[in-house]
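*Asks:* Just so it is clear, I am handing over entry-v1.txt, which has compact mmCIF, C-alpha atoms.
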# COMPACT_ATOMS: atom_id res chain seq x y z
CA MET A 464 -41.12 -39.47 -27.29
CA ALA A 465 -43.82 -41.33 -25.34
CA GLN A 466 -41.31 -43.99 -24.29
CA HIS A 467 -39.38 -41.24 -22.50
CA GLY A 468 -42.48 -40.09 -20.61
CA TYR A 469 -43.55 -37.25 -22.91
CA PRO A 470 -47.32 -37.33 -23.68
CA VAL A 471 -47.93 -37.00 -27.43
CA HIS A 472 -50.91 -36.16 -29.63
CA PRO A 473 -51.48 -36.09 -33.40
CA LEU A 474 -50.89 -33.07 -35.63
CA ILE A 475 -52.55 -32.51 -39.00
CA PRO A 476 -50.48 -34.23 -41.71
CA GLY A 477 -48.12 -31.65 -43.19
CA ASP A 478 -49.08 -29.05 -40.59
CA LYS A 479 -48.04 -28.00 -37.09
CA ARG A 480 -51.61 -27.65 -35.82
CA PRO A 481 -53.38 -30.37 -33.77
CA ALA A 482 -55.58 -32.85 -35.60
CA PRO A 483 -59.18 -31.54 -35.71
CA ASN A 484 -61.97 -32.57 -33.38
CA CYS A 485 -64.60 -35.11 -34.29
CA PRO A 486 -67.95 -33.66 -35.49
CA ASP A 487 -69.58 -34.12 -32.08
CA CYS A 488 -66.80 -32.24 -30.28
CA SER A 489 -66.81 -29.51 -32.93
CA ARG A 490 -70.44 -28.79 -32.06
CA SER A 491 -70.07 -29.26 -28.29
CA GLU A 492 -68.86 -26.81 -25.66
CA HIS A 493 -67.76 -29.36 -23.07
CA PRO A 494 -64.47 -28.74 -21.25
CA PRO A 495 -61.57 -30.32 -23.18
CA HIS A 496 -60.27 -32.22 -20.16
CA LEU A 497 -63.69 -33.88 -19.75
CA CYS A 498 -64.01 -34.93 -23.39
CA PRO A 499 -65.65 -38.39 -23.62
CA CYS A 500 -63.63 -39.16 -26.77
CA HIS A 501 -60.47 -39.58 -24.71
CA THR A 502 -61.81 -42.75 -23.11
CA ARG A 503 -62.50 -44.09 -26.62
CA ASN A 504 -58.99 -43.46 -27.96
CA GLY A 505 -60.05 -40.20 -29.62
CA TRP A 506 -57.62 -37.34 -30.26
CA CYS A 507 -59.99 -34.39 -29.87
CA HIS A 508 -58.90 -31.11 -28.27
CA GLY A 509 -55.22 -31.26 -29.18
CA PHE A 510 -52.79 -31.47 -26.29
CA HIS A 511 -55.63 -32.29 -23.86
CA ALA A 512 -55.73 -35.73 -25.50
CA ALA A 513 -51.96 -36.30 -25.20
CA THR A 514 -50.96 -39.65 -23.72
CA THR A 515 -48.04 -41.99 -23.17
CA ASP A 516 -50.23 -45.08 -23.63
CA LEU A 517 -48.57 -46.97 -26.49
CA ASP A 518 -51.73 -48.85 -27.52
CA THR A 519 -53.61 -45.57 -27.96
CA ILE A 520 -50.71 -44.03 -29.85
CA LYS A 521 -50.48 -47.04 -32.19
CA HIS A 522 -54.22 -46.76 -32.79
CA TRP A 523 -53.89 -43.09 -33.77
CA TRP A 524 -51.02 -43.54 -36.20
CA LYS A 525 -52.55 -46.65 -37.70
CA ALA A 526 -55.61 -44.54 -38.51
CA GLN A 527 -53.41 -41.84 -40.09
CA PRO A 528 -49.73 -42.74 -40.61
CA ASP A 529 -48.91 -39.20 -41.82
CA PHE A 530 -49.81 -37.51 -38.54
CA GLY A 531 -47.17 -35.19 -37.13
CA ILE A 532 -46.20 -35.45 -33.46
CA GLY A 533 -47.12 -32.88 -30.86
CA VAL A 534 -45.85 -33.05 -27.27
CA ALA A 535 -47.94 -31.69 -24.39
CA CYS A 536 -45.52 -29.56 -22.38
CA GLY A 537 -47.42 -29.25 -19.11
CA PRO A 538 -47.76 -32.94 -18.14
CA ALA A 539 -44.15 -33.54 -19.22
CA ARG A 540 -42.88 -30.58 -17.16
CA LEU A 541 -41.28 -29.23 -20.33
CA VAL A 542 -40.32 -25.59 -20.75
CA VAL A 543 -39.44 -24.96 -24.38
CA ILE A 544 -37.95 -21.64 -25.47
CA ASP A 545 -39.36 -20.94 -28.93
CA VAL A 546 -37.04 -18.48 -30.68
CA ASP A 547 -38.55 -16.74 -33.69
CA ALA A 548 -36.51 -15.50 -36.64
CA HIS A 549 -39.15 -13.30 -38.24
CA THR A 550 -37.54 -10.09 -39.43
CA THR A 551 -39.82 -7.19 -38.58
CA THR A 552 -39.83 -3.67 -37.20
CA LEU A 553 -38.33 -3.35 -33.73
CA PRO A 554 -40.76 -2.41 -30.95
CA ALA A 555 -40.04 0.16 -28.25
CA ARG A 556 -36.90 -0.57 -26.20
CA ALA A 557 -39.00 -1.32 -23.12
CA ARG A 558 -40.54 -4.33 -24.89
CA LEU A 559 -37.28 -5.98 -25.98
CA LEU A 560 -36.49 -7.36 -22.50
CA PRO A 561 -39.58 -6.82 -20.32
CA GLY A 562 -38.63 -5.36 -16.95
CA ILE A 563 -35.03 -4.63 -17.98
CA PRO A 564 -34.39 -1.05 -19.16
CA ILE A 565 -32.14 -0.71 -22.20
CA HIS A 566 -30.34 2.62 -22.12
CA ASP A 567 -30.56 4.84 -25.19
CA ALA A 568 -26.78 4.66 -25.46
CA VAL A 569 -26.96 0.94 -26.27
CA ASP A 570 -26.61 0.47 -30.04
CA LEU A 571 -29.33 -1.88 -31.29
CA THR A 572 -28.11 -1.93 -34.88
CA GLY A 573 -28.53 -5.43 -36.30
CA LEU A 574 -31.01 -6.60 -33.66
CA GLN A 575 -33.90 -8.10 -35.60
CA SER A 576 -35.11 -11.40 -34.13
CA GLY A 577 -35.59 -13.54 -31.04
CA PHE A 578 -32.06 -14.88 -31.47
CA ASP A 579 -30.78 -11.38 -30.77
CA THR A 580 -33.00 -10.59 -27.78
CA LEU A 581 -32.29 -13.95 -26.11
CA ALA A 582 -28.55 -13.38 -26.59
CA LEU A 583 -28.99 -9.87 -25.17
CA LEU A 584 -30.76 -11.25 -22.09
CA ALA A 585 -28.04 -13.87 -21.53
CA ALA A 586 -25.30 -11.26 -21.90
CA HIS A 587 -27.10 -8.93 -19.49
CA ARG A 588 -27.17 -11.70 -16.88
CA ASN A 589 -23.64 -12.83 -17.78
CA ARG A 590 -24.94 -16.32 -18.60
CA PRO A 591 -24.41 -18.65 -21.59
CA ASN A 592 -26.72 -18.11 -24.56
CA PRO A 593 -29.35 -20.92 -24.56
CA CYS A 594 -29.20 -20.99 -28.37
CA THR A 595 -25.70 -22.45 -28.11
CA ASP A 596 -26.51 -24.87 -25.27
CA THR A 597 -25.42 -28.25 -26.66
CA THR A 598 -26.26 -29.99 -23.35
CA THR A 599 -29.97 -29.94 -24.16
CA LEU A 600 -32.20 -30.78 -27.10
CA ARG A 601 -32.35 -27.98 -29.68
CA VAL A 602 -34.53 -28.19 -32.77
CA ARG A 603 -34.29 -26.06 -35.91
CA THR A 604 -37.75 -25.09 -37.19
CA PRO A 605 -38.70 -24.84 -40.87
CA SER A 606 -39.00 -21.05 -40.56
CA GLY A 607 -35.41 -20.73 -39.35
CA GLY A 608 -36.26 -20.43 -35.66
CA MET A 609 -35.19 -22.71 -32.82
CA HIS A 610 -36.87 -24.72 -30.08
CA ILE A 611 -34.72 -25.12 -26.97
CA TRP A 612 -36.09 -27.91 -24.75
CA TYR A 613 -35.66 -27.95 -20.97
CA ARG A 614 -37.17 -29.91 -18.08
CA ALA A 615 -38.58 -28.04 -15.10
CA PRO A 616 -37.90 -29.80 -11.77
CA ARG A 617 -40.77 -31.89 -10.45
CA SER A 618 -40.44 -30.26 -7.06
CA GLY A 619 -40.41 -26.69 -8.37
CA PRO A 620 -43.10 -24.39 -9.75
CA ALA A 621 -44.81 -24.96 -13.08
CA PHE A 622 -44.61 -22.26 -15.75
CA ARG A 623 -47.18 -20.79 -18.12
CA SER A 624 -46.89 -20.45 -21.87
CA SER A 625 -46.48 -17.01 -23.40
CA SER A 626 -45.88 -15.11 -26.61
CA GLY A 627 -42.86 -12.93 -27.19
CA SER A 628 -45.14 -10.26 -28.62
CA SER A 629 -47.29 -10.10 -25.48
CA ASN A 630 -47.59 -6.84 -23.56
CA LYS A 631 -48.28 -8.73 -20.32
CA THR A 632 -46.15 -11.87 -19.97
CA ALA A 633 -43.04 -12.32 -22.12
CA LEU A 634 -39.43 -13.39 -21.58
CA ALA A 635 -38.09 -11.41 -24.52
CA TRP A 636 -39.32 -9.99 -27.80
CA GLN A 637 -39.85 -12.75 -30.41
CA VAL A 638 -39.15 -15.42 -27.78
CA ASP A 639 -42.19 -17.55 -26.96
CA ILE A 640 -42.47 -19.98 -24.05
CA ARG A 641 -44.15 -23.36 -24.49
CA ALA A 642 -45.07 -24.82 -21.11
CA THR A 643 -48.32 -25.48 -19.21
CA ASN A 644 -51.36 -25.30 -21.50
CA GLY A 645 -49.16 -25.52 -24.56
CA TYR A 646 -47.55 -28.04 -26.88
CA ILE A 647 -44.42 -28.26 -29.02
CA VAL A 648 -43.76 -29.96 -32.34
CA ALA A 649 -41.49 -32.99 -31.95
CA PRO A 650 -38.29 -33.25 -34.00
CA SER A 651 -38.59 -35.24 -37.25
CA THR A 652 -42.13 -33.95 -37.84
CA ARG A 653 -42.59 -32.90 -41.46
CA THR A 654 -44.79 -30.00 -42.52
CA LYS A 655 -45.36 -28.31 -45.86
CA ALA A 656 -42.80 -25.69 -44.79
CA GLY A 657 -40.12 -28.27 -43.97
CA THR A 658 -38.91 -30.62 -41.25
CA TYR A 659 -38.26 -29.95 -37.56
CA THR A 660 -34.65 -31.06 -37.25
CA ALA A 661 -32.67 -31.85 -34.08
CA LEU A 662 -29.40 -29.91 -33.99
CA PRO A 663 -26.01 -31.39 -33.01
CA GLY A 664 -25.71 -32.00 -29.28
CA ALA A 665 -27.93 -33.65 -26.70
CA ARG A 666 -31.04 -35.52 -27.81
CA GLN A 667 -32.90 -35.15 -24.50
CA PRO A 668 -34.01 -32.03 -22.61
CA ALA A 669 -31.63 -30.89 -19.86
CA PRO A 670 -32.77 -29.46 -16.50
CA LEU A 671 -33.96 -25.87 -16.78
CA PRO A 672 -31.02 -23.62 -15.74
CA LEU A 673 -31.61 -21.78 -12.49
CA TRP A 674 -30.99 -18.38 -14.08
CA LEU A 675 -33.70 -19.03 -16.69
CA MET A 676 -36.02 -20.26 -13.95
CA ALA A 677 -35.43 -16.99 -12.12
CA GLU A 678 -36.06 -14.97 -15.29
CA LEU A 679 -39.31 -16.82 -15.97
CA THR A 680 -40.40 -16.14 -12.41
CA ARG A 681 -39.44 -12.47 -12.72
CA THR A 682 -41.44 -12.07 -15.91
CA GLY A 683 -44.62 -13.60 -14.48
CA HIS A 684 -44.41 -17.11 -15.95
CA SER A 685 -44.37 -18.97 -12.63
CA LEU A 686 -47.60 -20.68 -11.61
CA ALA A 687 -46.41 -21.09 -8.01
CA THR A 688 -48.95 -20.07 -5.44
CA VAL A 689 -48.09 -16.78 -3.79
CA PRO A 690 -49.22 -15.92 -0.25
CA PRO A 691 -52.37 -13.85 0.06
CA PRO A 692 -52.04 -10.28 1.36
CA ALA A 693 -51.83 -10.01 5.12
CA LEU A 694 -54.99 -8.85 6.89
CA LYS A 695 -54.75 -5.30 8.16
CA VAL A 696 -55.63 -5.22 11.85
CA PRO A 697 -56.09 -1.73 13.30
CA SER A 698 -53.88 -1.01 16.28
CA PRO A 699 -55.33 0.81 19.30
CA ARG A 700 -51.87 2.07 20.28
CA PRO A 701 -49.79 2.63 17.12
CA ARG A 702 -46.04 2.64 17.51
CA THR A 703 -43.23 3.11 15.04
CA PRO A 704 -40.56 0.47 15.64
CA ARG A 705 -37.53 0.36 13.36
CA PRO A 706 -38.32 -1.18 9.94
CA ALA A 707 -35.51 -3.71 10.31
CA GLN A 708 -37.04 -4.98 13.54
CA ASN A 709 -40.41 -5.44 11.83
CA GLY A 710 -38.80 -7.30 8.94
CA GLN A 711 -36.81 -9.56 11.24
CA ARG A 712 -39.93 -10.34 13.27
CA VAL A 713 -41.93 -11.34 10.18
CA LEU A 714 -39.16 -13.52 8.77
CA ALA A 715 -38.37 -15.13 12.14
CA SER A 716 -41.96 -16.33 12.45
CA LEU A 717 -41.86 -17.92 9.00
CA LEU A 718 -38.46 -19.51 9.65
CA GLN A 719 -39.81 -21.13 12.79
CA GLU A 720 -42.63 -22.72 10.76
CA ILE A 721 -40.03 -24.20 8.40
CA ARG A 722 -37.85 -25.57 11.21
CA ALA A 723 -40.91 -27.16 12.82
CA CYS A 724 -41.25 -29.41 9.75
CA VAL A 725 -38.31 -31.47 11.04
CA ALA A 726 -40.79 -33.30 13.25
CA SER A 727 -42.11 -35.12 10.17
CA PRO A 728 -40.00 -36.56 7.32
CA SER A 729 -42.69 -35.65 4.79
CA GLY A 730 -45.81 -33.58 4.52
CA MET A 731 -46.55 -30.61 6.78
CA ALA A 732 -46.75 -28.41 3.65
CA PHE A 733 -42.98 -27.87 3.79
CA THR A 734 -42.69 -26.65 0.18
CA GLU A 735 -45.54 -24.20 0.60
CA LYS A 736 -44.07 -22.84 3.84
CA LEU A 737 -40.58 -22.47 2.37
CA ASN A 738 -41.94 -20.81 -0.77
CA ARG A 739 -44.03 -18.39 1.31
CA ALA A 740 -41.05 -17.52 3.50
CA ALA A 741 -38.78 -17.00 0.47
CA PHE A 742 -41.40 -14.85 -1.28
CA THR A 743 -41.81 -12.71 1.85
CA ALA A 744 -38.04 -12.43 2.34
CA GLY A 745 -37.64 -11.27 -1.26
CA GLY A 746 -40.27 -8.59 -0.75
CA LEU A 747 -38.79 -7.42 2.55
CA ALA A 748 -35.30 -7.26 1.06
CA GLN A 749 -36.51 -5.36 -1.99
CA ALA A 750 -38.23 -2.82 0.29
CA GLY A 751 -34.96 -2.32 2.20
CA HIS A 752 -36.04 -3.92 5.47
CA LEU A 753 -33.63 -6.88 5.34
CA ASP A 754 -30.37 -7.85 3.69
CA GLU A 755 -30.95 -10.18 0.72
CA ALA A 756 -27.85 -12.33 1.27
CA GLU A 757 -28.62 -12.72 4.96
CA CYS A 758 -32.20 -13.74 4.14
CA ARG A 759 -30.99 -16.39 1.73
CA ASP A 760 -28.58 -17.81 4.33
CA LEU A 761 -31.27 -17.92 7.02
CA LEU A 762 -33.71 -19.63 4.69
CA LEU A 763 -31.13 -22.22 3.64
CA GLN A 764 -30.25 -22.95 7.27
CA ALA A 765 -33.90 -23.45 8.23
CA ALA A 766 -34.63 -25.58 5.14
CA THR A 767 -31.55 -27.73 5.69
CA HIS A 768 -32.57 -28.26 9.31
CA ALA A 769 -36.01 -29.50 8.23
CA ARG A 770 -35.10 -31.35 5.02
CA PRO A 771 -31.34 -32.05 4.97
CA HIS A 772 -31.67 -34.72 2.23
CA GLN A 773 -32.80 -32.31 -0.52
CA PRO A 774 -30.35 -29.38 -0.68
CA ARG A 775 -30.83 -28.69 -4.40
CA ARG A 776 -34.61 -28.61 -4.12
CA ASN A 777 -34.40 -26.34 -1.08
CA ALA A 778 -32.12 -23.92 -2.92
CA LEU A 779 -34.41 -23.94 -5.95
CA ILE A 780 -37.54 -23.12 -3.94
CA ILE A 781 -35.71 -20.32 -2.13
CA GLU A 782 -34.25 -18.82 -5.31
CA THR A 783 -37.52 -18.80 -7.24
CA GLY A 784 -39.51 -17.60 -4.24
CA MET A 785 -37.17 -14.70 -3.50
CA ARG A 786 -37.09 -13.71 -7.17
CA ALA A 787 -40.89 -13.63 -7.28
CA GLY A 788 -41.09 -11.73 -3.99
CA SER A 789 -38.62 -9.09 -5.11
CA ALA A 790 -41.19 -7.92 -7.67
CA ARG A 791 -43.54 -6.99 -4.79
CA PRO A 792 -41.80 -4.97 -2.06
CA ILE A 793 -43.26 -5.65 1.37
CA HIS A 794 -43.48 -3.07 4.17
CA PRO A 795 -44.36 -4.94 7.38
CA LYS A 796 -46.86 -3.52 9.78
CA GLU A 797 -46.49 -3.49 13.54
CA ARG A 798 -47.89 -6.55 15.28
CA THR A 799 -50.24 -5.78 18.15
As structure tokens, please, write out the structure in this file.
*Replies:*
Amino acid sequence: MAQHGYPVHPLIPGDKRPAPNCPDCSRSEHPPHLCPCHTRNGWCHGFHAATTDLDTIKHWWKAQPDFGIGVACGPARLVVIDVDAHTTTLPARARLLPGIPIHDAVDLTGLQSGFDTLALLAAHRNRPNPCTDTTTLRVRTPSGGMHIWYRAPRSGPAFRSSSGSSNKTALAWQVDIRATNGYIVAPSTRTKAGTYTALPGARQPAPLPLWLMAELTRTGHSLATVPPPALKVPSPRPRTPRPAQNGQRVLASLLQEIRACVASPSGMAFTEKLNRAAFTAGGLAQAGHLDEAECRDLLLQAATHARPHQPRRNALIIETGMRAGSARPIHPKERT
């Protein structure tokens, strides 16, 4: 895995948990990322010690050949969908697909695991079921679950890890996300419960599909910086212009900032400006002040003008930004 750029760290032999800390680190409260053991080829603090340095890795496995292999998802830009197969009592309908209402008329007979809720989400969005995606690495877990590996684009937002049982951030019930501040067990690792086995199909992670990226953004997994709330400036002479005019004014100002980036081939905080504009456009459209399709076209035109060599990246930033913004309707105030 390390030869492909995925930082690895040791797991307890026969277990899926990280190898334990040294005695000094067990008694210390220092931040994991500042652990002095890492400069001495130590493996303390789990995925915080992960590395691609082959000499360090050889040193670890020479010390304990039976170590399992953990992969730090954040540094590798991995987003792994961890599908659980634990049969248990169904929660309330509202928790099956967070943010997506499931009508009482929908028959949920037979739905009992993360395989079912992920398939339900894919069907709702009219997209292929990730569990059957042979274009990416899929790993069968000893418990009967599945790890579906994807790569998040380097130019896009990072994503946070989550549990499918969470009441706050979850993609679907019994579907966990392994990403930033998380790790995943590498295929071929043996535990007392069994072996993590790669399934037929690709042996490397494929790019994260745009629809899943949008769903992760919608459900609060995106770590992209969102613009701070606008300062409220009291107006001495309040007026009530048409909402559409206010929305167009706000977006036009942001589009001009994006176009101005053409003056420099790099820098000028282009990604931040495009993300902020897309986020704002999504909020304005959700509040009914602008047309969503028109916003997307205007954003693409401005981004293409400033950075014509990266159309896919531009589209990705716009799509994720607008998705995130649509969760927070924006009602523009009059400018004085």
*Asks:* Given the choices A:Pro771, A:Gly627, A:Gly710, A:Gly577, which gets closest to His549 in chain A if the distance is worked out from only C-alpha atoms?
*Replies:*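 Closest residue, counting only C-alpha atoms: A:Gly577.
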*Asks:* To one decimal place, how far is CA of Arg759 in chain A from CA of Thr632 in chain A in Å?
*Replies:* 26.9 Å
*Asks:* Show me, as a PDB file with C-alpha atoms, in the coordinates of the input, the residues that have an atom within 8 Å of Ile793 in chain A when counting all atoms listed in the file, minus same-chain residues fewer than 5 positions from it.
*Replies:*
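result14.pdb, written as the output of this step:
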ATOM      1  CA  THR A 743     -41.810 -12.710   1.850  1.00  0.00           C
ATOM      2  CA  GLY A 746     -40.270  -8.590  -0.750  1.00  0.00           C
ATOM      3  CA  LEU A 747     -38.790  -7.420   2.550  1.00  0.00           C
ATOM      4  CA  GLN A 749     -36.510  -5.360  -1.990  1.00  0.00           C
ATOM      5  CA  ALA A 750     -38.230  -2.820   0.290  1.00  0.00           C
TER       6      ALA A 750
END
*Asks:* Which of these residues is nearest to Arg776 in chain A, using all atoms listed in the file: A:Ile563, A:Trp636, A:Leu763, A:Ala586?
*Replies:*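 When distances to Arg776 in chain A are compared using all atoms listed in the file, the smallest one comes from A:Leu763.
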*Asks:* Quick check, in Å to one decimal: how far apart do CA of Leu737 in chain A and CA of Ser624 in chain A lie?
*Replies:*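 Atom-to-atom, CA of Leu737 in chain A and CA of Ser624 in chain A are spaced 25.1 Å apart.
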*Asks:* Starting from the incomplete input, reconstruct N, CA and C atoms of range 624-651 of chain A and write that as a compact mmCIF listing (two decimals), in the coordinates of the input.
*Replies:*
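Saved file rebuild_4.txt follows:
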# COMPACT_ATOMS: atom_id res chain seq x y z
N SER A 624 -47.32 -20.78 -20.51
CA SER A 624 -46.89 -20.45 -21.87
C SER A 624 -47.07 -18.95 -22.11
N SER A 625 -46.35 -18.43 -23.08
CA SER A 625 -46.48 -17.01 -23.40
C SER A 625 -46.01 -16.75 -24.82
N SER A 626 -46.33 -15.56 -25.29
CA SER A 626 -45.88 -15.11 -26.61
C SER A 626 -44.89 -13.97 -26.45
N GLY A 627 -43.86 -13.99 -27.26
CA GLY A 627 -42.86 -12.93 -27.19
C GLY A 627 -43.37 -11.58 -27.62
N SER A 628 -44.56 -11.53 -28.21
CA SER A 628 -45.14 -10.26 -28.62
C SER A 628 -46.15 -9.74 -27.60
N SER A 629 -46.31 -10.47 -26.49
CA SER A 629 -47.29 -10.10 -25.48
C SER A 629 -46.87 -8.83 -24.73
N ASN A 630 -47.86 -8.02 -24.37
CA ASN A 630 -47.59 -6.84 -23.56
C ASN A 630 -47.67 -7.15 -22.07
N LYS A 631 -48.08 -8.38 -21.73
CA LYS A 631 -48.28 -8.73 -20.32
C LYS A 631 -47.21 -9.69 -19.82
N THR A 632 -47.10 -10.86 -20.43
CA THR A 632 -46.15 -11.87 -19.97
C THR A 632 -45.27 -12.29 -21.14
N ALA A 633 -43.98 -11.96 -21.06
CA ALA A 633 -43.04 -12.32 -22.12
C ALA A 633 -41.64 -12.36 -21.53
N LEU A 634 -40.83 -13.31 -22.01
CA LEU A 634 -39.43 -13.39 -21.58
C LEU A 634 -38.59 -12.40 -22.36
N ALA A 635 -38.80 -12.34 -23.66
CA ALA A 635 -38.09 -11.41 -24.52
C ALA A 635 -38.87 -11.29 -25.82
N TRP A 636 -38.64 -10.20 -26.53
CA TRP A 636 -39.32 -9.99 -27.80
C TRP A 636 -38.96 -11.10 -28.79
N GLN A 637 -39.98 -11.65 -29.46
CA GLN A 637 -39.85 -12.75 -30.41
C GLN A 637 -39.30 -14.03 -29.77
N VAL A 638 -39.51 -14.18 -28.48
CA VAL A 638 -39.15 -15.42 -27.78
C VAL A 638 -40.40 -15.92 -27.06
N ASP A 639 -41.00 -16.97 -27.58
CA ASP A 639 -42.19 -17.55 -26.96
C ASP A 639 -41.78 -18.62 -25.95
N ILE A 640 -42.68 -18.91 -25.03
CA ILE A 640 -42.47 -19.98 -24.05
C ILE A 640 -43.59 -21.00 -24.22
N ARG A 641 -43.19 -22.26 -24.41
CA ARG A 641 -44.15 -23.36 -24.49
C ARG A 641 -44.05 -24.17 -23.21
N ALA A 642 -45.09 -24.12 -22.40
CA ALA A 642 -45.07 -24.82 -21.11
C ALA A 642 -46.50 -25.27 -20.80
N THR A 643 -46.97 -25.07 -19.58
CA THR A 643 -48.32 -25.48 -19.21
C THR A 643 -49.35 -24.88 -20.16
N ASN A 644 -50.33 -25.70 -20.54
CA ASN A 644 -51.36 -25.30 -21.50
C ASN A 644 -50.77 -24.95 -22.87
N GLY A 645 -49.77 -25.71 -23.25
CA GLY A 645 -49.16 -25.52 -24.56
C GLY A 645 -48.56 -26.83 -25.06
N TYR A 646 -48.18 -26.84 -26.32
CA TYR A 646 -47.55 -28.04 -26.88
C TYR A 646 -46.41 -27.59 -27.79
N ILE A 647 -45.55 -28.54 -28.14
CA ILE A 647 -44.42 -28.26 -29.02
C ILE A 647 -44.35 -29.36 -30.08
N VAL A 648 -43.89 -29.00 -31.25
CA VAL A 648 -43.76 -29.96 -32.34
C VAL A 648 -42.49 -30.79 -32.13
N ALA A 649 -42.63 -32.09 -32.19
CA ALA A 649 -41.49 -32.99 -31.95
C ALA A 649 -40.55 -32.98 -33.15
N PRO A 650 -39.25 -33.15 -32.89
CA PRO A 650 -38.29 -33.25 -34.00
C PRO A 650 -38.63 -34.44 -34.90
N SER A 651 -38.33 -34.29 -36.16
CA SER A 651 -38.59 -35.24 -37.25
C SER A 651 -39.96 -35.04 -37.87
